[in-house]
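Chemist: Contents are PDB, C-alpha atoms; file name final_23.pdb:
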ATOM      1  CA  MET A   1     -15.010  13.036 -26.177
ATOM      2  CA  ALA A   2     -12.234  14.932 -24.427
ATOM      3  CA  HIS A   3     -12.141  12.315 -21.680
ATOM      4  CA  SER A   4     -11.827   9.506 -24.245
ATOM      5  CA  THR A   5      -8.990  11.314 -25.987
ATOM      6  CA  ARG A   6      -7.203  11.830 -22.680
ATOM      7  CA  ARG A   7      -7.559   8.122 -21.840
ATOM      8  CA  ILE A   8      -6.124   7.118 -25.233
ATOM      9  CA  LEU A   9      -3.151   9.446 -24.768
ATOM     10  CA  LEU A  10      -2.541   8.229 -21.221
ATOM     11  CA  LEU A  11      -2.727   4.558 -22.143
ATOM     12  CA  GLY A  12      -0.524   5.230 -25.149
ATOM     13  CA  SER A  13       2.126   6.654 -22.843
ATOM     14  CA  PHE A  14       1.856   3.534 -20.664
ATOM     15  CA  ALA A  15       2.450   1.314 -23.684
ATOM     16  CA  THR A  16       5.558   3.168 -24.783
ATOM     17  CA  LEU A  17       7.224   3.063 -21.376
ATOM     18  CA  GLY A  18       8.285  -0.413 -20.313
ATOM     19  CA  GLY A  19      10.497  -1.886 -17.603
ATOM     20  CA  CYS A  20      13.936  -0.311 -17.380
ATOM     21  CA  ASN A  21      13.096   2.362 -19.951
ATOM     22  CA  ALA A  22      10.322   3.667 -17.694
ATOM     23  CA  LEU A  23      12.556   3.621 -14.637
ATOM     24  CA  SER A  24      15.407   5.466 -16.341
ATOM     25  CA  ALA A  25      13.046   8.017 -17.856
ATOM     26  CA  LEU A  26      11.397   8.701 -14.535
ATOM     27  CA  SER A  27      14.640   8.920 -12.571
ATOM     28  CA  SER A  28      15.835  11.694 -14.855
ATOM     29  CA  ALA A  29      12.557  13.610 -14.900
ATOM     30  CA  ALA A  30      12.748  17.047 -13.347
ATOM     31  CA  ALA A  31       9.042  17.886 -13.360
ATOM     32  CA  VAL A  32       7.355  18.529 -10.013
ATOM     33  CA  LEU A  33       4.689  15.860  -9.406
ATOM     34  CA  ASP A  34       1.475  16.120  -7.430
ATOM     35  CA  THR A  35       1.878  14.230  -4.149
ATOM     36  CA  TYR A  36      -0.817  12.011  -2.648
ATOM     37  CA  ASP A  37      -1.224  10.354   0.739
ATOM     38  CA  LEU A  38      -3.566   7.687   2.093
ATOM     39  CA  THR A  39      -5.600   7.752   5.305
ATOM     40  CA  PRO A  40      -5.358   5.187   8.127
ATOM     41  CA  VAL A  41      -8.586   3.460   9.157
ATOM     42  CA  PRO A  42      -8.683   2.056  12.723
ATOM     43  CA  GLY A  43     -10.260  -1.243  13.592
ATOM     44  CA  SER A  44     -12.890  -1.696  16.268
ATOM     45  CA  ALA A  45     -12.469   0.248  19.516
ATOM     46  CA  ARG A  46     -14.619  -2.295  21.326
ATOM     47  CA  GLY A  47     -12.954  -4.754  23.658
ATOM     48  CA  ALA A  48     -10.466  -4.682  26.492
ATOM     49  CA  ARG A  49      -7.249  -2.695  26.209
ATOM     50  CA  ARG A  50      -4.209  -4.975  26.141
ATOM     51  CA  ASP A  51      -0.947  -4.155  27.868
ATOM     52  CA  ARG A  52       1.044  -5.316  24.847
ATOM     53  CA  THR A  53       3.585  -3.811  22.486
ATOM     54  CA  VAL A  54       3.658  -4.401  18.736
ATOM     55  CA  LEU A  55       6.458  -3.157  16.515
ATOM     56  CA  VAL A  56       5.768  -2.924  12.791
ATOM     57  CA  ALA A  57       8.716  -3.675  10.487
ATOM     58  CA  ARG A  58       9.145  -1.834   7.199
ATOM     59  CA  PRO A  59       7.299  -3.998   4.651
ATOM     60  CA  GLN A  60       9.244  -5.989   2.077
ATOM     61  CA  ALA A  61       8.572  -5.199  -1.580
ATOM     62  CA  THR A  62      10.034  -5.650  -5.045
ATOM     63  CA  ALA A  63      12.338  -2.989  -6.474
ATOM     64  CA  ALA A  64       9.480  -1.705  -8.651
ATOM     65  CA  LEU A  65       7.386  -1.034  -5.537
ATOM     66  CA  THR A  66      10.215   0.382  -3.426
ATOM     67  CA  SER A  67       9.505   3.781  -4.895
ATOM     68  CA  ASP A  68       7.275   6.779  -4.293
ATOM     69  CA  ARG A  69       5.824   6.409  -7.792
ATOM     70  CA  ILE A  70       2.341   4.977  -8.434
ATOM     71  CA  LEU A  71       2.907   1.724 -10.289
ATOM     72  CA  ILE A  72       0.895   0.975 -13.444
ATOM     73  CA  LYS A  73       0.792  -2.385 -15.247
ATOM     74  CA  PRO A  74      -0.557  -2.020 -18.808
ATOM     75  CA  ASP A  75      -0.112  -5.792 -19.139
ATOM     76  CA  ALA A  76       1.402  -8.677 -17.198
ATOM     77  CA  ALA A  77       4.928  -8.066 -18.537
ATOM     78  CA  THR A  78       5.103  -4.252 -18.495
ATOM     79  CA  ILE A  79       5.757  -1.875 -15.620
ATOM     80  CA  THR A  80       5.479   1.903 -15.741
ATOM     81  CA  TYR A  81       4.310   4.690 -13.439
ATOM     82  CA  LEU A  82       1.542   7.279 -13.341
ATOM     83  CA  PRO A  83       3.077  10.276 -15.152
ATOM     84  CA  ASP A  84       1.852  13.195 -13.053
ATOM     85  CA  ALA A  85       1.621  11.872  -9.489
ATOM     86  CA  ARG A  86       3.568  10.294  -6.655
ATOM     87  CA  TRP A  87       2.985   8.910  -3.158
ATOM     88  CA  SER A  88       4.067  10.959  -0.125
ATOM     89  CA  ASP A  89       6.859   8.398   0.521
ATOM     90  CA  GLU A  90       8.074   5.074  -0.812
ATOM     91  CA  VAL A  91       5.267   2.497  -0.838
ATOM     92  CA  PRO A  92       6.730   0.359   2.014
ATOM     93  CA  ALA A  93       7.017   3.434   4.254
ATOM     94  CA  VAL A  94       3.470   4.554   3.380
ATOM     95  CA  LEU A  95       2.067   1.132   4.247
ATOM     96  CA  GLN A  96       4.120   0.886   7.459
ATOM     97  CA  SER A  97       2.676   4.201   8.642
ATOM     98  CA  LEU A  98      -0.876   3.175   7.713
ATOM     99  CA  LEU A  99      -0.555  -0.088   9.640
ATOM    100  CA  ILE A 100       0.844   1.605  12.753
ATOM    101  CA  ARG A 101      -1.791   4.342  12.816
ATOM    102  CA  SER A 102      -4.680   1.970  12.054
ATOM    103  CA  ILE A 103      -3.729  -0.466  14.827
ATOM    104  CA  ALA A 104      -2.921   2.290  17.333
ATOM    105  CA  GLY A 105      -6.139   4.087  16.432
ATOM    106  CA  THR A 106      -8.211   1.360  18.103
ATOM    107  CA  GLY A 107      -6.815   2.441  21.484
ATOM    108  CA  ARG A 108      -6.618  -1.227  22.470
ATOM    109  CA  ILE A 109      -2.848  -1.774  22.363
ATOM    110  CA  ALA A 110      -0.434  -0.197  24.864
ATOM    111  CA  TYR A 111       2.161   0.671  22.224
ATOM    112  CA  VAL A 112       2.409   0.320  18.441
ATOM    113  CA  GLY A 113       5.407   1.709  16.585
ATOM    114  CA  ARG A 114       8.187   1.158  14.097
ATOM    115  CA  SER A 115      10.593  -1.731  14.545
ATOM    116  CA  ASP A 116      13.629   0.572  14.537
ATOM    117  CA  ALA A 117      12.446   2.397  17.670
ATOM    118  CA  GLY A 118      10.419   1.813  20.803
ATOM    119  CA  PRO A 119      10.398  -0.747  23.632
ATOM    120  CA  ILE A 120      11.060  -4.457  23.396
ATOM    121  CA  PRO A 121       7.924  -5.810  21.685
ATOM    122  CA  ASP A 122       5.671  -8.692  22.562
ATOM    123  CA  LYS A 123       5.037  -9.163  18.847
ATOM    124  CA  ALA A 124       6.654  -7.988  15.609
ATOM    125  CA  LEU A 125       4.479  -7.472  12.535
ATOM    126  CA  LEU A 126       6.128  -8.394   9.236
ATOM    127  CA  THR A 127       4.566  -7.525   5.887
ATOM    128  CA  ARG A 128       5.281  -8.657   2.331
ATOM    129  CA  ILE A 129       3.728  -6.457  -0.359
ATOM    130  CA  ASP A 130       2.721  -8.619  -3.323
ATOM    131  CA  ALA A 131       0.784  -5.915  -5.177
ATOM    132  CA  PHE A 132       0.120  -2.202  -4.782
ATOM    133  CA  GLU A 133      -0.587  -1.182  -8.329
ATOM    134  CA  VAL A 134      -3.048  -0.218 -11.030
ATOM    135  CA  ASN A 135      -3.831  -2.795 -13.701
ATOM    136  CA  VAL A 136      -5.056  -1.776 -17.161
ATOM    137  CA  SER A 137      -7.594  -4.117 -18.752
ATOM    138  CA  GLY A 138      -7.882  -4.858 -22.457
ATOM    139  CA  GLU A 139     -10.770  -2.376 -22.616
ATOM    140  CA  GLY A 140      -8.590   0.360 -21.125
ATOM    141  CA  MET A 141     -10.265   0.277 -17.713
ATOM    142  CA  LEU A 142      -8.080   0.929 -14.656
ATOM    143  CA  GLU A 143      -8.295  -1.153 -11.491
ATOM    144  CA  ALA A 144      -6.387  -0.615  -8.235
ATOM    145  CA  VAL A 145      -4.975  -3.837  -6.764
ATOM    146  CA  VAL A 146      -3.668  -4.305  -3.207
ATOM    147  CA  ASP A 147      -2.301  -7.622  -1.979
ATOM    148  CA  PHE A 148      -0.039  -8.262   0.985
ATOM    149  CA  GLU A 149       0.781 -10.981   3.514
ATOM    150  CA  LEU A 150       1.102 -10.201   7.215
ATOM    151  CA  THR A 151       2.972 -12.323   9.739
ATOM    152  CA  LEU A 152       3.086 -11.818  13.513
ATOM    153  CA  VAL A 153       6.184 -13.132  15.282
ATOM    154  CA  ASN A 154       6.729 -13.612  19.032
ATOM    155  CA  ASP A 155       9.733 -11.587  20.127
ATOM    156  CA  SER A 156      10.539 -13.973  23.005
ATOM    157  CA  ASP A 157      11.061 -17.127  20.942
ATOM    158  CA  GLN A 158      10.762 -15.904  17.319
ATOM    159  CA  ARG A 159       7.905 -18.305  16.672
ATOM    160  CA  ILE A 160       5.201 -17.336  14.178
ATOM    161  CA  ALA A 161       1.992 -16.393  16.000
ATOM    162  CA  GLY A 162      -0.087 -16.004  12.858
ATOM    163  CA  THR A 163      -0.033 -15.352   9.115
ATOM    164  CA  ARG A 164      -2.786 -14.000   6.900
ATOM    165  CA  GLN A 165      -3.201 -12.651   3.375
ATOM    166  CA  PHE A 166      -5.173  -9.456   2.779
ATOM    167  CA  SER A 167      -6.165  -8.338  -0.709
ATOM    168  CA  GLY A 168      -8.670  -6.255  -2.606
ATOM    169  CA  THR A 169      -9.426  -4.712  -6.009
ATOM    170  CA  THR A 170     -11.488  -1.669  -6.986
ATOM    171  CA  PRO A 171     -12.004   0.013 -10.388
ATOM    172  CA  ALA A 172     -10.963   3.644 -10.722
ATOM    173  CA  ALA A 173     -13.697   6.029 -11.832
ATOM    174  CA  SER A 174     -11.313   7.532 -14.414
ATOM    175  CA  ASP A 175      -7.617   7.830 -15.244
ATOM    176  CA  ALA A 176      -7.342  11.080 -13.242
ATOM    177  CA  PRO A 177      -4.807  10.714 -10.392
ATOM    178  CA  ALA A 178      -7.392  11.715  -7.772
ATOM    179  CA  ASP A 179      -9.728   8.927  -8.924
ATOM    180  CA  ILE A 180      -6.899   6.387  -8.889
ATOM    181  CA  ILE A 181      -5.926   7.398  -5.343
ATOM    182  CA  ALA A 182      -9.584   7.172  -4.323
ATOM    183  CA  ALA A 183      -9.666   3.566  -5.594
ATOM    184  CA  PHE A 184      -6.676   2.673  -3.406
ATOM    185  CA  GLN A 185      -8.325   4.360  -0.425
ATOM    186  CA  THR A 186     -11.546   2.408  -0.994
ATOM    187  CA  ILE A 187      -9.607  -0.852  -0.765
ATOM    188  CA  LEU A 188      -7.750   0.251   2.360
ATOM    189  CA  ASP A 189     -10.965   1.445   4.002
ATOM    190  CA  ASP A 190     -11.975  -2.212   3.927
ATOM    191  CA  LEU A 191      -8.620  -3.887   4.644
ATOM    192  CA  LEU A 192      -7.041  -1.728   7.363
ATOM    193  CA  PRO A 193      -9.784  -2.277   9.993
ATOM    194  CA  GLN A 194      -9.636  -6.013   9.277
ATOM    195  CA  ILE A 195      -5.877  -5.981   9.758
ATOM    196  CA  ALA A 196      -6.065  -4.009  13.003
ATOM    197  CA  ASP A 197      -8.697  -6.375  14.427
ATOM    198  CA  TRP A 198      -6.687  -9.424  13.343
ATOM    199  CA  VAL A 199      -3.469  -8.143  14.941
ATOM    200  CA  ILE A 200      -5.206  -7.334  18.219
ATOM    201  CA  ALA A 201      -6.814 -10.780  18.283
ATOM    202  CA  GLN A 202      -3.366 -12.392  17.944
ATOM    203  CA  VAL A 203      -1.602 -10.407  20.671
TER     204      VAL A 203
END
Could you write out this file's structure as structure tokens?
Modeler:
Amino acid sequence: MAHSTRRILLLGSFATLGGCNALSALSSAAAVLDTYDLTPVPGSARGARRDRTVLVARPQATAALTSDRILIKPDAATITYLPDARWSDEVPAVLQSLLIRSIAGTGRIAYVGRSDAGPIPDKALLTRIDAFEVNVSGEGMLEAVVDFELTLVNDSDQRIAGTRQFSGTTPAASDAPADIIAAFQTILDDLLPQIADWVIAQV
């Protein structure tokens, strides 16, 4: 019963905070929020090591996602944020770090790093974040949604070497921040190894 009451209160707060109102309210909030991070997941370590360099650009995202807040969508037209939690950095920076560490963790690429540092790359990895959010269904269930497009570009001639969409959804066990973060991690546990293997196959 207590859990149901908490869910009703939480969803009620989502409904009353919309768009700009949510952003202005959150920007002025002084409360200390619990901070959460996500874990990189390397692809396969099998296969020859390649003497290649890949630089990962900071992903592109909408203004709503260029934030360290955990985005919630109570419906298609409303944007708000999880009240008591935040990411360890802005979403594009979090994803950039996850991509670098997941690709490098295979041990199959000579160098993987950020695009604003490092040697001249053989390939640049560009990312567009289309979704990194929690959707609320009509029944009040919460579902983490991740959707982004990756593009590899040759540094020598700026030609596109490959483009692929990666996406996933997973329900959260409850509206508790830890369960919501766990849902995101479940999706990334599946997607990050796929991404690392795809990048290595292209370089």
Chemist: Quick one: of A:Thr62, A:Ser167, A:Ser115, A:Asn154, who's nearest to Val91 of chain A, counting all atoms listed in the file?
Modeler: A:Thr62
Chemist: Using the chain letters and numbering of this document, enumerate as a count of residues only the residues selected by the PyMOL selection byres ((chain A and resi 170) around 6).
Modeler: 5
Chemist: Quick check, in Å to one decimal: how far apart do atom CA of Val41 of chain A and atom CA of Ala117 of chain A lie?
Modeler: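 Straight-line distance from atom CA of Val41 of chain A to atom CA of Ala117 of chain A works out to 22.7 Å.
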Chemist: (0.3, -8.0, -4.1) in this file's frame - what residues fall within 10 Å of it? Use only C-alpha atoms and give the answer as a VMD selection string.
Modeler: chain A and resid 61 128 to 133 145 to 149 165 to 168
Chemist: For a test of reading the model, state the distance in Å between atom CA of Arg49 of chain A and atom CA of Asp197 of chain A, rounded to one decimal.
Modeler: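 About the pair atom CA of Arg49 of chain A and atom CA of Asp197 of chain A: they are 12.4 Å apart.
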Chemist: If you count all atoms listed in the file, which residues fall within 8 Å of Ile103 of chain A, apart from same-chain ones fewer than 5 positions away, as a list in words?
Modeler: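 Answer for this query is Pro42, Gly43, Ile109, Val112, Pro193, Ile195, Ala196, Asp197, Val199 and Ile200 of chain A.
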Chemist: Which residues, named as in the file, does the PyMOL selection byres ((chain A and resi 71) around 9) pick out? Answer as an MDAnalysis selection string.
Modeler: chainID A and resid 64:65 67:70 72:73 79:82 132:135
Chemist: Between A:Leu191, A:Leu125, A:Ala176, A:Ala201, which has the minimum distance to Gln60 of chain A (counting all atoms listed in the file)?
Modeler: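 Residue with the minimum atom-to-atom distance to Gln60 of chain A: A:Leu125.
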